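K.L.:
final02.pdb is reproduced below (PDB, C-alpha atoms, pLDDT in the B column).
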```pdb
ATOM      1  CA  MET A  10     -24.856   7.687  -2.652  1.00 66.00           C
ATOM      2  CA  GLY A  11     -22.159   5.129  -1.902  1.00 90.00           C
ATOM      3  CA  LEU A  12     -18.834   4.956  -3.711  1.00 96.00           C
ATOM      4  CA  ASP A  13     -17.619   1.923  -5.660  1.00 97.00           C
ATOM      5  CA  ILE A  14     -14.441   1.475  -7.686  1.00 98.00           C
ATOM      6  CA  TYR A  15     -14.859  -0.035 -11.150  1.00 98.00           C
ATOM      7  CA  THR A  16     -12.002  -1.132 -13.392  1.00 98.00           C
ATOM      8  CA  GLY A  17     -12.986  -2.741 -16.672  1.00 98.00           C
ATOM      9  CA  THR A  18     -14.013  -1.926 -20.216  1.00 98.00           C
ATOM     10  CA  LEU A  19     -16.343   0.994 -20.768  1.00 98.00           C
ATOM     11  CA  THR A  20     -18.444  -1.216 -23.024  1.00 98.00           C
ATOM     12  CA  ARG A  21     -19.115  -3.474 -20.049  1.00 98.00           C
ATOM     13  CA  TYR A  22     -19.631  -0.465 -17.772  1.00 97.00           C
ATOM     14  CA  TYR A  23     -22.136   1.424 -19.911  1.00 96.00           C
ATOM     15  CA  THR A  24     -24.123  -1.710 -20.757  1.00 96.00           C
ATOM     16  CA  GLN A  25     -24.305  -2.517 -17.020  1.00 95.00           C
ATOM     17  CA  ASN A  26     -22.703  -5.914 -17.613  1.00 97.00           C
ATOM     18  CA  TRP A  27     -21.082  -5.904 -14.174  1.00 97.00           C
ATOM     19  CA  LYS A  28     -22.076  -6.153 -10.535  1.00 95.00           C
ATOM     20  CA  THR A  29     -20.907  -4.103  -7.576  1.00 94.00           C
ATOM     21  CA  ALA A  30     -19.363  -5.834  -4.572  1.00 89.00           C
ATOM     22  CA  THR A  31     -22.564  -5.207  -2.595  1.00 82.00           C
ATOM     23  CA  GLN A  32     -24.703  -6.567  -5.407  1.00 87.00           C
ATOM     24  CA  GLN A  33     -22.576  -9.710  -5.610  1.00 86.00           C
ATOM     25  CA  PHE A  34     -22.917 -10.234  -1.848  1.00 73.00           C
ATOM     26  CA  ALA A  35     -26.666  -9.685  -1.975  1.00 74.00           C
ATOM     27  CA  GLU A  36     -27.185 -12.148  -4.817  1.00 76.00           C
ATOM     28  CA  ALA A  37     -24.991 -14.748  -3.125  1.00 72.00           C
ATOM     29  CA  HIS A  38     -27.157 -14.536   0.020  1.00 64.00           C
ATOM     30  CA  GLY A  39     -30.578 -14.170  -1.576  1.00 69.00           C
ATOM     31  CA  ILE A  40     -31.045 -10.516  -0.574  1.00 68.00           C
ATOM     32  CA  GLN A  41     -33.009  -8.116  -2.754  1.00 65.00           C
ATOM     33  CA  PHE A  42     -30.814  -5.269  -3.919  1.00 55.00           C
ATOM     34  CA  GLN A  43     -31.244  -2.275  -6.225  1.00 61.00           C
ATOM     35  CA  THR A  44     -28.407  -0.127  -7.551  1.00 60.00           C
ATOM     36  CA  VAL A  45     -29.092   3.622  -7.767  1.00 56.00           C
ATOM     37  CA  ARG A  46     -26.442   5.852  -9.308  1.00 53.00           C
ATOM     38  CA  PHE A  47     -26.069   9.621  -9.280  1.00 51.00           C
ATOM     39  CA  GLN A  48     -24.573   9.737 -12.775  1.00 49.00           C
ATOM     40  CA  PRO A  49     -27.033   9.219 -15.642  1.00 46.00           C
ATOM     41  CA  GLU A  50     -26.767   5.920 -17.433  1.00 49.00           C
ATOM     42  CA  GLN A  51     -26.279   5.582 -21.169  1.00 46.00           C
ATOM     43  CA  GLU A  52     -29.400   6.324 -23.216  1.00 48.00           C
ATOM     44  CA  ASN A  53     -31.877   3.472 -23.460  1.00 59.00           C
ATOM     45  CA  GLY A  54     -32.204   1.741 -26.781  1.00 74.00           C
ATOM     46  CA  GLN A  55     -28.527   1.675 -27.734  1.00 91.00           C
ATOM     47  CA  SER A  56     -27.239  -1.739 -28.664  1.00 95.00           C
ATOM     48  CA  ILE A  57     -24.068  -3.265 -27.285  1.00 96.00           C
ATOM     49  CA  GLU A  58     -22.356  -2.715 -30.625  1.00 97.00           C
ATOM     50  CA  GLU A  59     -23.427   0.940 -30.738  1.00 97.00           C
ATOM     51  CA  ILE A  60     -22.043   1.558 -27.250  1.00 97.00           C
ATOM     52  CA  LYS A  61     -18.856  -0.315 -28.082  1.00 97.00           C
ATOM     53  CA  GLY A  62     -18.461   1.832 -31.199  1.00 97.00           C
ATOM     54  CA  ILE A  63     -18.843   5.060 -29.191  1.00 97.00           C
ATOM     55  CA  VAL A  64     -16.311   4.158 -26.502  1.00 98.00           C
ATOM     56  CA  THR A  65     -13.875   2.633 -29.016  1.00 98.00           C
ATOM     57  CA  GLU A  66     -13.906   5.852 -31.056  1.00 98.00           C
ATOM     58  CA  TRP A  67     -13.454   7.855 -27.838  1.00 98.00           C
ATOM     59  CA  ARG A  68     -10.450   5.690 -26.891  1.00 98.00           C
ATOM     60  CA  ASP A  69      -8.912   5.938 -30.353  1.00 98.00           C
ATOM     61  CA  ASN A  70      -9.298   9.735 -30.369  1.00 98.00           C
ATOM     62  CA  ILE A  71      -7.422   9.951 -27.065  1.00 98.00           C
ATOM     63  CA  ILE A  72      -4.619   7.667 -28.262  1.00 98.00           C
ATOM     64  CA  SER A  73      -4.327   9.622 -31.516  1.00 97.00           C
ATOM     65  CA  GLY A  74      -4.589  13.042 -29.859  1.00 97.00           C
ATOM     66  CA  LEU A  75      -1.900  12.199 -27.310  1.00 96.00           C
ATOM     67  CA  LYS A  76       0.271  10.668 -30.061  1.00 97.00           C
ATOM     68  CA  LEU A  77       0.771   7.476 -28.068  1.00 96.00           C
ATOM     69  CA  ASP A  78       3.063   5.245 -30.113  1.00 94.00           C
ATOM     70  CA  PRO A  79       2.981   2.364 -29.618  1.00 95.00           C
ATOM     71  CA  ALA A  80      -0.662   2.380 -28.603  1.00 97.00           C
ATOM     72  CA  PRO A  81      -1.238   1.178 -25.023  1.00 98.00           C
ATOM     73  CA  LEU A  82      -3.052  -2.014 -24.105  1.00 98.00           C
ATOM     74  CA  TRP A  83      -6.617  -0.678 -23.855  1.00 98.00           C
ATOM     75  CA  ASN A  84      -9.413  -3.179 -24.351  1.00 98.00           C
ATOM     76  CA  GLU A  85     -13.021  -2.446 -25.254  1.00 98.00           C
ATOM     77  CA  ASP A  86     -15.307  -5.471 -25.276  1.00 97.00           C
ATOM     78  CA  TYR A  87     -18.561  -6.569 -23.696  1.00 98.00           C
ATOM     79  CA  ASP A  88     -17.650  -9.674 -21.733  1.00 97.00           C
ATOM     80  CA  THR A  89     -14.097 -10.857 -22.510  1.00 97.00           C
ATOM     81  CA  THR A  90     -11.871  -8.580 -20.431  1.00 98.00           C
ATOM     82  CA  PRO A  91     -12.393  -9.229 -16.695  1.00 98.00           C
ATOM     83  CA  TYR A  92     -13.262  -6.439 -14.306  1.00 98.00           C
ATOM     84  CA  TYR A  93     -12.319  -5.498 -10.752  1.00 98.00           C
ATOM     85  CA  THR A  94     -14.642  -3.791  -8.308  1.00 98.00           C
ATOM     86  CA  ASN A  95     -14.739  -3.016  -4.610  1.00 98.00           C
ATOM     87  CA  LYS A  96     -16.498  -0.590  -2.303  1.00 97.00           C
ATOM     88  CA  PRO A  97     -14.427   1.842  -0.228  1.00 97.00           C
ATOM     89  CA  ASP A  98     -17.388   4.222   0.221  1.00 97.00           C
ATOM     90  CA  TRP A  99     -16.826   7.930   0.726  1.00 97.00           C
ATOM     91  CA  ASP A 100     -15.662   7.867   4.343  1.00 98.00           C
ATOM     92  CA  ALA A 101     -12.705   5.615   3.531  1.00 98.00           C
ATOM     93  CA  LEU A 102     -11.705   7.685   0.497  1.00 98.00           C
ATOM     94  CA  HIS A 103     -11.970  10.856   2.567  1.00 98.00           C
ATOM     95  CA  ALA A 104      -9.885   9.258   5.318  1.00 98.00           C
ATOM     96  CA  LEU A 105      -7.194   8.515   2.721  1.00 98.00           C
ATOM     97  CA  MET A 106      -7.352  12.101   1.455  1.00 98.00           C
ATOM     98  CA  LEU A 107      -6.997  13.441   5.000  1.00 98.00           C
ATOM     99  CA  TYR A 108      -4.183  11.004   5.792  1.00 98.00           C
ATOM    100  CA  ALA A 109      -2.266  11.894   2.626  1.00 97.00           C
ATOM    101  CA  ALA A 110      -2.771  15.630   3.124  1.00 96.00           C
ATOM    102  CA  ALA A 111      -1.432  15.398   6.674  1.00 97.00           C
ATOM    103  CA  LYS A 112       1.573  13.251   5.769  1.00 96.00           C
ATOM    104  CA  PHE A 113       2.610  15.251   2.708  1.00 94.00           C
ATOM    105  CA  SER A 114       2.386  18.493   4.696  1.00 93.00           C
ATOM    106  CA  SER A 115       4.136  17.046   7.798  1.00 94.00           C
ATOM    107  CA  GLN A 116       1.136  17.399  10.078  1.00 96.00           C
ATOM    108  CA  GLU A 117      -0.300  15.003  12.623  1.00 97.00           C
ATOM    109  CA  VAL A 118      -3.037  12.713  11.338  1.00 97.00           C
ATOM    110  CA  PRO A 119      -6.264  12.953  13.357  1.00 98.00           C
ATOM    111  CA  ALA A 120      -6.799   9.627  15.108  1.00 98.00           C
ATOM    112  CA  THR A 121     -10.475   9.409  14.170  1.00 98.00           C
ATOM    113  CA  ILE A 122     -12.963  10.878  11.740  1.00 98.00           C
ATOM    114  CA  GLU A 123     -16.707  11.354  12.041  1.00 97.00           C
ATOM    115  CA  LYS A 124     -19.099   9.435   9.847  1.00 97.00           C
ATOM    116  CA  ASN A 125     -20.038  11.415   6.702  1.00 96.00           C
ATOM    117  CA  PHE A 126     -17.537  14.160   7.546  1.00 95.00           C
ATOM    118  CA  ASP A 127     -16.828  16.876   4.953  1.00 96.00           C
ATOM    119  CA  VAL A 128     -13.179  16.336   4.066  1.00 96.00           C
ATOM    120  CA  SER A 129     -12.993  19.450   1.875  1.00 94.00           C
ATOM    121  CA  ARG A 130     -13.644  21.628   4.923  1.00 95.00           C
ATOM    122  CA  HIS A 131     -10.993  20.035   7.121  1.00 96.00           C
ATOM    123  CA  SER A 132      -8.242  22.560   7.885  1.00 96.00           C
ATOM    124  CA  ILE A 133      -5.429  20.126   7.000  1.00 96.00           C
ATOM    125  CA  VAL A 134      -6.971  19.349   3.615  1.00 96.00           C
ATOM    126  CA  GLU A 135      -7.835  22.995   2.912  1.00 94.00           C
ATOM    127  CA  GLU A 136      -4.233  24.012   3.570  1.00 93.00           C
ATOM    128  CA  PHE A 137      -2.887  21.126   1.504  1.00 94.00           C
ATOM    129  CA  LEU A 138      -5.076  21.918  -1.494  1.00 91.00           C
ATOM    130  CA  LYS A 139      -3.791  25.495  -1.558  1.00 90.00           C
ATOM    131  CA  SER A 140      -0.327  24.155  -2.279  1.00 83.00           C
ATOM    132  CA  THR A 141       0.759  24.217  -5.927  1.00 65.00           C
ATOM    133  CA  GLU A 142       3.341  21.487  -5.330  1.00 73.00           C
ATOM    134  CA  PHE A 143       0.896  18.573  -5.264  1.00 73.00           C
ATOM    135  CA  ASN A 144      -1.994  17.544  -7.502  1.00 80.00           C
ATOM    136  CA  LEU A 145      -3.045  14.101  -6.296  1.00 93.00           C
ATOM    137  CA  THR A 146      -5.560  12.617  -8.722  1.00 96.00           C
ATOM    138  CA  PHE A 147      -7.461  10.590  -6.125  1.00 96.00           C
ATOM    139  CA  PHE A 148      -8.523  13.914  -4.591  1.00 95.00           C
ATOM    140  CA  ASN A 149     -10.723  14.408  -7.675  1.00 93.00           C
ATOM    141  CA  GLU A 150     -14.054  12.893  -6.668  1.00 92.00           C
ATOM    142  CA  ASN A 151     -15.065  12.448 -10.323  1.00 93.00           C
ATOM    143  CA  GLY A 152     -12.049  10.161 -10.694  1.00 96.00           C
ATOM    144  CA  TRP A 153     -11.200   8.568 -14.061  1.00 98.00           C
ATOM    145  CA  TRP A 154      -7.895   6.852 -14.886  1.00 98.00           C
ATOM    146  CA  LEU A 155      -6.803   5.449 -18.247  1.00 98.00           C
ATOM    147  CA  PRO A 156      -4.665   2.305 -18.800  1.00 98.00           C
ATOM    148  CA  ILE A 157      -1.579   4.188 -19.954  1.00 98.00           C
ATOM    149  CA  GLU A 158       1.964   3.606 -18.666  1.00 97.00           C
ATOM    150  CA  ASP A 159       2.946   7.281 -18.965  1.00 97.00           C
ATOM    151  CA  ARG A 160       2.137   9.653 -16.108  1.00 96.00           C
ATOM    152  CA  PHE A 161      -0.005  12.667 -16.973  1.00 94.00           C
ATOM    153  CA  ILE A 162      -3.346  14.379 -16.432  1.00 96.00           C
ATOM    154  CA  PHE A 163      -5.574  16.382 -18.785  1.00 96.00           C
ATOM    155  CA  ARG A 164      -9.132  17.604 -19.394  1.00 96.00           C
ATOM    156  CA  TYR A 165     -11.320  15.906 -21.978  1.00 97.00           C
ATOM    157  CA  THR A 166     -14.936  15.093 -22.767  1.00 97.00           C
ATOM    158  CA  LEU A 167     -16.211  11.742 -21.527  1.00 97.00           C
ATOM    159  CA  PRO A 168     -18.189   9.368 -23.766  1.00 96.00           C
ATOM    160  CA  ASN A 169     -21.397  10.772 -22.203  1.00 91.00           C
ATOM    161  CA  SER A 170     -20.338  14.292 -23.342  1.00 93.00           C
ATOM    162  CA  GLN A 171     -19.502  15.545 -19.835  1.00 94.00           C
ATOM    163  CA  GLU A 172     -16.143  17.280 -19.472  1.00 96.00           C
ATOM    164  CA  ASN A 173     -13.899  15.730 -16.837  1.00 97.00           C
ATOM    165  CA  THR A 174     -10.322  15.459 -15.627  1.00 96.00           C
ATOM    166  CA  LEU A 175      -8.604  12.302 -16.884  1.00 98.00           C
ATOM    167  CA  ALA A 176      -5.386  10.861 -15.495  1.00 98.00           C
ATOM    168  CA  THR A 177      -3.420   7.696 -16.123  1.00 98.00           C
ATOM    169  CA  SER A 178      -3.378   4.632 -13.915  1.00 98.00           C
ATOM    170  CA  ALA A 179       0.420   4.847 -13.906  1.00 98.00           C
ATOM    171  CA  LEU A 180       0.185   8.324 -12.363  1.00 98.00           C
ATOM    172  CA  LEU A 181      -2.196   7.085  -9.652  1.00 98.00           C
ATOM    173  CA  LEU A 182       0.155   4.207  -8.822  1.00 98.00           C
ATOM    174  CA  ALA A 183       3.046   6.665  -8.585  1.00 97.00           C
ATOM    175  CA  GLU A 184       1.065   8.847  -6.167  1.00 97.00           C
ATOM    176  CA  LEU A 185       0.152   5.877  -4.001  1.00 98.00           C
ATOM    177  CA  SER A 186       3.733   4.601  -4.097  1.00 98.00           C
ATOM    178  CA  SER A 187       4.980   7.992  -2.894  1.00 96.00           C
ATOM    179  CA  LEU A 188       2.637   7.894   0.094  1.00 97.00           C
ATOM    180  CA  ASN A 189       3.598   4.310   0.872  1.00 98.00           C
ATOM    181  CA  ALA A 190       7.317   5.124   0.675  1.00 97.00           C
ATOM    182  CA  LEU A 191       6.831   8.121   2.945  1.00 96.00           C
ATOM    183  CA  GLU A 192       4.831   6.341   5.621  1.00 95.00           C
ATOM    184  CA  TRP A 193       4.107   2.601   5.584  1.00 98.00           C
ATOM    185  CA  LYS A 194       6.841   1.108   3.367  1.00 98.00           C
ATOM    186  CA  ALA A 195       4.581  -1.914   2.916  1.00 98.00           C
ATOM    187  CA  ASP A 196       5.148  -4.607   0.310  1.00 98.00           C
ATOM    188  CA  SER A 197       2.535  -5.511  -2.305  1.00 97.00           C
ATOM    189  CA  MET A 198       1.081  -8.480  -0.408  1.00 98.00           C
ATOM    190  CA  THR A 199       0.624  -6.388   2.738  1.00 98.00           C
ATOM    191  CA  ILE A 200      -1.080  -3.625   0.770  1.00 98.00           C
ATOM    192  CA  ILE A 201      -3.455  -6.112  -0.837  1.00 98.00           C
ATOM    193  CA  SER A 202      -4.297  -7.601   2.570  1.00 98.00           C
ATOM    194  CA  TRP A 203      -5.506  -4.223   3.866  1.00 98.00           C
ATOM    195  CA  SER A 204      -8.690  -4.545   1.793  1.00 98.00           C
ATOM    196  CA  THR A 205      -9.751  -7.359   4.158  1.00 97.00           C
ATOM    197  CA  THR A 206      -7.887  -6.617   7.411  1.00 98.00           C
ATOM    198  CA  GLU A 207      -8.520  -2.851   7.616  1.00 98.00           C
ATOM    199  CA  GLY A 208     -11.579  -0.679   7.137  1.00 97.00           C
ATOM    200  CA  TYR A 209     -14.945  -0.213   8.759  1.00 96.00           C
ATOM    201  CA  PRO A 210     -15.757  -1.847  12.104  1.00 93.00           C
ATOM    202  CA  VAL A 211     -18.282  -4.667  12.052  1.00 81.00           C
ATOM    203  CA  GLU A 212     -21.791  -3.356  12.608  1.00 65.00           C
ATOM    204  CA  GLY A 213     -23.773  -6.522  12.049  1.00 66.00           C
ATOM    205  CA  VAL A 214     -23.887 -10.132  10.923  1.00 64.00           C
ATOM    206  CA  PHE A 215     -25.979 -11.816   8.245  1.00 64.00           C
ATOM    207  CA  SER A 216     -27.368 -15.313   8.051  1.00 61.00           C
ATOM    208  CA  LYS A 217     -29.913 -16.859   5.703  1.00 64.00           C
ATOM    209  CA  GLU A 218     -31.926 -18.014   8.696  1.00 68.00           C
ATOM    210  CA  ASP A 219     -32.117 -14.719  10.613  1.00 67.00           C
ATOM    211  CA  GLY A 220     -31.248 -12.142   7.966  1.00 66.00           C
ATOM    212  CA  PHE A 221     -29.241  -9.090   9.061  1.00 62.00           C
ATOM    213  CA  LYS A 222     -28.715  -8.573  12.780  1.00 70.00           C
ATOM    214  CA  GLU A 223     -27.288  -5.231  13.898  1.00 69.00           C
ATOM    215  CA  LEU A 224     -24.578  -5.462  16.537  1.00 67.00           C
ATOM    216  CA  ALA A 225     -23.470  -1.853  16.788  1.00 74.00           C
ATOM    217  CA  SER A 226     -23.692   1.515  15.076  1.00 80.00           C
ATOM    218  CA  HIS A 227     -20.529   3.563  14.710  1.00 87.00           C
ATOM    219  CA  GLU A 228     -20.359   7.321  14.278  1.00 94.00           C
ATOM    220  CA  THR A 229     -16.548   7.561  14.390  1.00 97.00           C
ATOM    221  CA  PHE A 230     -13.874   5.564  12.562  1.00 98.00           C
ATOM    222  CA  GLU A 231     -10.124   5.085  12.889  1.00 98.00           C
ATOM    223  CA  THR A 232      -8.579   7.343  10.272  1.00 98.00           C
ATOM    224  CA  GLU A 233      -5.532   5.229   9.441  1.00 98.00           C
ATOM    225  CA  SER A 234      -7.479   1.977   9.182  1.00 98.00           C
ATOM    226  CA  LEU A 235      -9.958   3.491   6.730  1.00 98.00           C
ATOM    227  CA  ALA A 236      -7.099   5.145   4.832  1.00 98.00           C
ATOM    228  CA  LYS A 237      -5.296   1.810   4.432  1.00 98.00           C
ATOM    229  CA  PHE A 238      -8.536   0.168   3.306  1.00 98.00           C
ATOM    230  CA  ALA A 239      -9.137   2.749   0.560  1.00 98.00           C
ATOM    231  CA  PHE A 240      -5.434   2.766  -0.351  1.00 98.00           C
ATOM    232  CA  SER A 241      -5.506  -1.002  -0.913  1.00 98.00           C
ATOM    233  CA  ILE A 242      -8.570  -0.840  -3.155  1.00 98.00           C
ATOM    234  CA  LEU A 243      -7.147   1.985  -5.278  1.00 98.00           C
ATOM    235  CA  TRP A 244      -3.783   0.223  -5.513  1.00 98.00           C
ATOM    236  CA  GLN A 245      -5.342  -3.040  -6.682  1.00 98.00           C
ATOM    237  CA  ALA A 246      -7.630  -1.253  -9.141  1.00 98.00           C
ATOM    238  CA  ALA A 247      -4.755   0.727 -10.680  1.00 98.00           C
ATOM    239  CA  GLU A 248      -2.586  -2.370 -11.067  1.00 98.00           C
ATOM    240  CA  PHE A 249      -5.540  -4.242 -12.578  1.00 98.00           C
ATOM    241  CA  SER A 250      -6.101  -1.342 -14.985  1.00 98.00           C
ATOM    242  CA  LEU A 251      -2.587  -1.538 -16.410  1.00 98.00           C
ATOM    243  CA  GLU A 252      -2.459  -5.342 -16.449  1.00 98.00           C
ATOM    244  CA  HIS A 253      -5.771  -5.782 -18.290  1.00 98.00           C
ATOM    245  CA  GLY A 254      -5.888  -2.568 -20.333  1.00 98.00           C
ATOM    246  CA  ALA A 255      -9.028  -1.311 -18.603  1.00 98.00           C
ATOM    247  CA  VAL A 256     -10.344   2.080 -17.533  1.00 98.00           C
ATOM    248  CA  MET A 257     -10.646   2.766 -13.802  1.00 98.00           C
ATOM    249  CA  LEU A 258     -13.292   5.088 -12.374  1.00 98.00           C
ATOM    250  CA  TYR A 259     -15.347   6.081  -9.345  1.00 98.00           C
ATOM    251  CA  ASP A 260     -18.901   4.768  -9.583  1.00 97.00           C
ATOM    252  CA  TYR A 261     -21.606   6.370  -7.445  1.00 92.00           C
TER     253      TYR A 261
END
```
Spell out the structure here as C-alpha cells.
P.N.:
Amino acid sequence: MGLDIYTGTLTRYYTQNWKTATQQFAEAHGIQFQTVRFQPEQENGQSIEEIKGIVTEWRDNIISGLKLDPAPLWNEDYDTTPYYTNKPDWDALHALMLYAAAKFSSQEVPATIEKNFDVSRHSIVEEFLKSTEFNLTFFNENGWWLPIEDRFIFRYTLPNSQENTLATSALLLAELSSLNALEWKADSMTIISWSTTEGYPVEGVFSKEDGFKELASHETFETESLAKFAFSILWQAAEFSLEHGAVMLYDY
C-alpha cells in the first residue's frame, strides 16, 4: 500500500470527497485508476449529514475534554474547506525517519537506502527509539494531527472507534523546525520547493499518445533527497492544517 498525506475535514475524508495526487494525475491524463486503502472506509449507507454529525461530535468532545478555551479553528464540512494532499510514499517517510534519527543522535546518515527497506530494523533507528528524550510524532505510522496551536500528544478513540495516538499540527511543525534548525537551516520557500526538486528519481515518462514508457528501475535512493521530499510534504501539510483548521493524517 502506498502512503498519501491528507489534510482536510474529516467529513470530506470519510465521504471520499477528495482525490489523491495520483488520482488527480490519472484523471488529468485519461488513465484508469483505482484507490485501494488498508484502513476500512466508513460504513456504507451513512449520509453526509450523519458522517458530519459523528466527526463534529468527536471534535467537540476533544475540545471539551482538553478544555481548549478559546476553541481552535477546526472546520468540519463536506466541500467548503479546501484540502491538501501529496504522496511521499513509505520510502520517503522512512528516509526522513532515518535521517532524523541519525542527526538527533549525532550519527552519520547513510548515503542511500534500499527500496522498501524496513526502517524499524535499522540500527540507527533502533538505537534512537530506545531513547526517552525524543518522541517524534512522524515516527508513528498511524499518524494523525489535529489543528491545535498548542503542542501535545495523547491517546484517544478515532471516529471509526479505533484507538490511536493523536498529536497536534503545532507539535509536528515544532519537530520539523528542530530538525531544520539542526541541519538545513532552510527558509520556508526552499522547504516548499523540495516537494518538486527532491525525491524519487525519474523512472518513466507519460504521454497521451504512447502511454507510460519506462526509462529505468531504481532499487536504491539517495537518503537525503527522499528525506527532504517527505519533510517538505509534512511541513506544507502541517502549515495547511493550522491555517485552514483541518485534520492531517496518513492515508494508506
K.L.:
Let me have the centre and edge lengths of the axis-aligned box enclosing all listed atoms of stretch 126-129 of chain A with 3 Å padding on every side, in Å to one decimal, as JSON.
P.N.:
```
{"center_x": -15.3, "center_y": 16.8, "center_z": 4.7, "size_x": 10.5, "size_y": 11.3, "size_z": 11.7}
```
K.L.:
Quick one: which residues end up in the PyMOL selection byres ((chain A and resi 119-125) around 7) for this structure, as a ChimeraX atom specification?
P.N.:
/A:100,117-118,126-127,228-232
K.L.:
Nearest to A:Asp69: which of A:Ser56, A:Trp83, A:Ser186, A:Leu175 is it, counting only C-alpha atoms?
P.N.:
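That would be A:Trp83, the residue with the smallest distance to A:Asp69.
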K.L.:
Between A:Ala104, A:Asn84, A:Gln245, A:Leu258, single out the one closest to A:Thr177, counting all atoms listed in the file.
P.N.:
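Selected residue with least distance to A:Thr177: A:Leu258.
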K.L.:
I need the residue set behind the PyMOL selection byres ((chain A and resi 26-31) around 10) for this file; please write it as a PyMOL selection string.
P.N.:
chain A and resi 13-15+17-25+32-37+42-44+87-88+91-96+260
K.L.:
Any chance you could work out the residue set of the PyMOL selection byres ((chain A and resi 149-153) around 9) here, as a list in words?
P.N.:
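On this input, the PyMOL selection byres ((chain A and resi 149-153) around 9) captures Leu145, Thr146, Phe147, Phe148, Trp154, Leu155, Asn173, Thr174, Leu175, Ala176, Thr177, Ser178, Val256, Met257, Leu258, Tyr259 and Asp260 of chain A.
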K.L.:
Calculate how many Å separate atom CA of A:Ser250 from atom CA of A:Ala111, rounding to one decimal.
P.N.:
27.8 Å
K.L.:
For the point (-10.8, 10.2, -23.4) in file coordinates, what residues are within 6 Å, counting all atoms listed in the file? Give the answer as a count of residues only?
P.N.:
5
K.L.:
Of the candidates A:Arg164, A:His227, A:Lys237, A:Lys194, which shows the shortest atom-to-atom distance to A:Thr206, using only C-alpha atoms?
P.N.:
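When distances to A:Thr206 are compared using only C-alpha atoms, the smallest one comes from A:Lys237.
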K.L.:
Calculate how many Å separate atom CA of A:Gln171 from atom CA of A:Glu59, rounding to one decimal.
P.N.:
18.6 Å
